[in-house]
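Engineer: First, the structure itself, so that you have it in front of you.
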Amino acid sequence: FQSENYSMRNLAFELGSEANFSEVSAIYGFSGETHISHMESVMAQSADILHPQLKEFGGPKPVVIPVGADQDPHIKLTRDLAYRMRKFLVELRGDYISIRGKAASPELMQAAEAALKDLAAGKVKRYEEHIDLTDIQISDDTGLAALQGTIDRLIINLEIDHGHYGFMPPASIYHRFMTGLTGGKMSSSKPESHIALTEDPKEAGKKIMRAITGGKQSLAEQKKLGGEPDKCSIYEFLVFHLSDDDKELLELDAECRSGRRMCGTCKKDVAERIERFLREHQQARKAAVDMLPEFGIKP
């Protein structure tokens, strides 16, 4: 849990020193009525994303974060924070590479200069706030970009050796999330909106039977006008989890839109499938947990 992870909590505190109230207010709409704990949660989320790059977990590495499109501003903030925590910026400038000391101490600048000279990739010239690598014996853009990456990794390792983080900006991949069973977003604080893998299969089936669908208000209207499977949480369960047969899904879609398939039929079918899936999954999970001692892991 985040509350028990002291390295993440400490990182959240440090990230907070790189963001200000006006910035996070513009992103999240904070006002004078916003609780401090709500503001702190923003830094906790950013720390959670950057946490795998801590030295104790192998150091800086490329990471990809799955998010919904509405979370894009938060990912951008986290990328900015990762950049601000860096002590150097390695830039490709035409035919030379510049290593700019954003907040590097004289000791760190000296170490970077020595490391670049040891690399022997070109002529090293140090200035007050940056170091340039010129006369590089590479002419093509691909080779220069590769050298830039090599130097950036070298500088990242130097930052870590001197007690800093050297974070890489996290990448993101955007997902379409399932509609909650109650019609809005799924939420851990609203158990009726989702089905957990540890849920009692029978209770999960009951949730399915109570779920909001894309059907019409009455049976007669449904038969006449058809349903809207693209707005149906039950149909989404089939698409995302319970059917890998595209032909079946197309047939169900057509039957729903034409009014030949009623919501009650779909709910009963999906309830049976989800109950069967949960029973099998929970049995397999228990078997896996029972095997943990064989690998020296305490359940």
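Residue numbering restarts at 1 in every chain; chains get A, B, ... in the order shown in the structure tokens, and ligands count up from 1 in that same order.
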Using only C-alpha atoms, which residues sit within 8 Å of stretch 265-277 of chain A once same-chain residues fewer than 4 positions away are excluded, as a PyMOL selection string?
Structural biologist: chain A and resi 201-202+204-206+208-209+234-235+237-238+242+261+281
Engineer: Write the residues of the selection above to a file with N, CA and C atoms, as a CSV table (one decimal), in the first residue's frame.
Structural biologist:
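See out_14.csv below for the written result:
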```
chain,number,residue,atom,x,y,z
A,201,PRO,N,-19.0,-15.8,-6.7
A,201,PRO,CA,-19.6,-16.0,-8.1
A,201,PRO,C,-21.1,-15.7,-8.1
A,202,LYS,N,-21.8,-16.2,-7.1
A,202,LYS,CA,-23.2,-16.0,-7.1
A,202,LYS,C,-23.6,-14.5,-6.9
A,204,ALA,N,-21.7,-12.0,-7.9
A,204,ALA,CA,-21.3,-11.4,-9.2
A,204,ALA,C,-22.4,-11.6,-10.2
A,205,GLY,N,-23.0,-12.8,-10.2
A,205,GLY,CA,-24.2,-13.0,-11.1
A,205,GLY,C,-25.3,-12.1,-10.8
A,206,LYS,N,-25.6,-11.8,-9.5
A,206,LYS,CA,-26.7,-10.9,-9.1
A,206,LYS,C,-26.4,-9.5,-9.6
A,208,ILE,N,-24.7,-8.7,-12.2
A,208,ILE,CA,-25.0,-8.7,-13.7
A,208,ILE,C,-26.5,-8.5,-13.9
A,209,MET,N,-27.3,-9.2,-13.2
A,209,MET,CA,-28.7,-9.1,-13.4
A,209,MET,C,-29.3,-7.8,-13.1
A,234,ILE,N,-23.2,-4.9,-20.2
A,234,ILE,CA,-23.3,-6.3,-20.3
A,234,ILE,C,-22.6,-6.8,-21.6
A,235,TYR,N,-22.9,-6.1,-22.7
A,235,TYR,CA,-22.2,-6.5,-24.0
A,235,TYR,C,-20.7,-6.2,-23.9
A,237,PHE,N,-18.9,-6.7,-21.3
A,237,PHE,CA,-18.3,-7.9,-20.6
A,237,PHE,C,-18.0,-9.0,-21.6
A,238,LEU,N,-18.9,-9.2,-22.5
A,238,LEU,CA,-18.6,-10.2,-23.6
A,238,LEU,C,-17.4,-9.8,-24.4
A,242,LEU,N,-15.5,-12.2,-21.9
A,242,LEU,CA,-16.2,-13.5,-21.9
A,242,LEU,C,-16.3,-14.2,-23.2
A,261,ARG,N,-33.2,-9.7,-29.7
A,261,ARG,CA,-32.6,-10.2,-28.5
A,261,ARG,C,-32.9,-9.3,-27.3
A,281,HIS,N,-11.3,-19.4,-12.0
A,281,HIS,CA,-10.2,-18.5,-11.7
A,281,HIS,C,-9.8,-18.7,-10.2
```
Engineer: Leaving out stretch 104-120 of chain A and any residue of its chain fewer than 5 positions from it, which residues lie within 10 Å of it when counting only C-alpha atoms, given as an MDAnalysis selection string?
Structural biologist: chainID A and resid 86:88 99 125:133 136 150:151 154:155 158:159 161:162
Engineer: Fewer than 6 positions away in the same chain doesn't count, so skip those; otherwise give me all residues within 9 Å of A:Thr213, counting only C-alpha atoms, as a CSV table (one decimal) with C-alpha atoms, in the first residue's frame.
Structural biologist:
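Once written, part-v5.csv looks like this:
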```csv
chain,number,residue,atom,x,y,z
A,181,LEU,CA,-22.3,-1.9,-14.2
A,182,THR,CA,-24.1,1.1,-12.8
A,183,GLY,CA,-23.6,3.1,-16.0
A,227,GLY,CA,-31.1,-1.9,-28.3
A,228,GLU,CA,-27.7,-0.1,-28.3
A,229,PRO,CA,-25.0,-2.6,-27.5
A,231,LYS,CA,-23.9,1.6,-24.7
A,232,CYS,CA,-24.3,-1.7,-22.8
A,233,SER,CA,-22.1,-2.7,-19.9
A,234,ILE,CA,-23.3,-6.3,-20.3
A,235,TYR,CA,-22.2,-6.5,-24.0
A,263,CYS,CA,-31.7,-7.7,-22.2
A,267,LYS,CA,-28.0,-10.8,-18.6
```
Engineer: Provide the atom CA of A:Ala44 to atom CA of A:Lys190 distance in Å, to one decimal place.
Structural biologist: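 Atom CA of A:Ala44 sits 22.0 Å away from atom CA of A:Lys190.
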Engineer: Which one of A:Ala69, A:Val42, A:Ala12, A:Ile160 sits closest to A:Lys55 if you count only C-alpha atoms?
Structural biologist: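 Counting only C-alpha atoms, the residue closest to A:Lys55 is A:Ile160.
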Engineer: What's around A:Asn20 at 12 Å? Count only C-alpha atoms, leave out sequence neighbours fewer than 2 positions away in its own chain, and write the answer as a PyMOL selection string.
Structural biologist: chain A and resi 15-18+22-27+30+39-40+42-43+77+81
Engineer: Atoms to include: C-alpha atoms. Write the selected residues as an mmCIF file, in the first residue's frame.
Structural biologist:
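Output below, filename again26.cif:
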```
data_model
loop_
_atom_site.group_PDB
_atom_site.id
_atom_site.type_symbol
_atom_site.label_atom_id
_atom_site.label_comp_id
_atom_site.auth_asym_id
_atom_site.auth_seq_id
_atom_site.Cartn_x
_atom_site.Cartn_y
_atom_site.Cartn_z
ATOM 1 C CA LEU A 15 8.373 15.785 -6.192
ATOM 2 C CA GLY A 16 6.210 18.289 -4.335
ATOM 3 C CA SER A 17 9.177 20.654 -4.202
ATOM 4 C CA GLU A 18 9.183 20.728 -8.022
ATOM 5 C CA SER A 22 -0.849 27.501 -9.429
ATOM 6 C CA GLU A 23 0.380 24.689 -11.690
ATOM 7 C CA VAL A 24 -1.604 21.877 -10.066
ATOM 8 C CA SER A 25 -4.626 24.157 -9.667
ATOM 9 C CA ALA A 26 -4.654 24.804 -13.419
ATOM 10 C CA ILE A 27 -4.556 21.044 -14.085
ATOM 11 C CA PHE A 30 -8.006 23.179 -7.066
ATOM 12 C CA MET A 39 -3.319 18.073 -3.273
ATOM 13 C CA GLU A 40 -0.870 15.613 -1.741
ATOM 14 C CA VAL A 42 -1.394 14.268 -6.887
ATOM 15 C CA MET A 43 2.246 13.948 -5.864
ATOM 16 C CA LEU A 77 2.690 16.566 -15.183
ATOM 17 C CA LEU A 81 8.402 16.352 -12.792
#
```
Engineer: Return as a PyMOL selection string the full set of residues in stretch 152-203 of chain A whose backbone-based DSSP assignment is alpha helix (DSSP H).
Structural biologist: chain A and resi 152-161+201-203
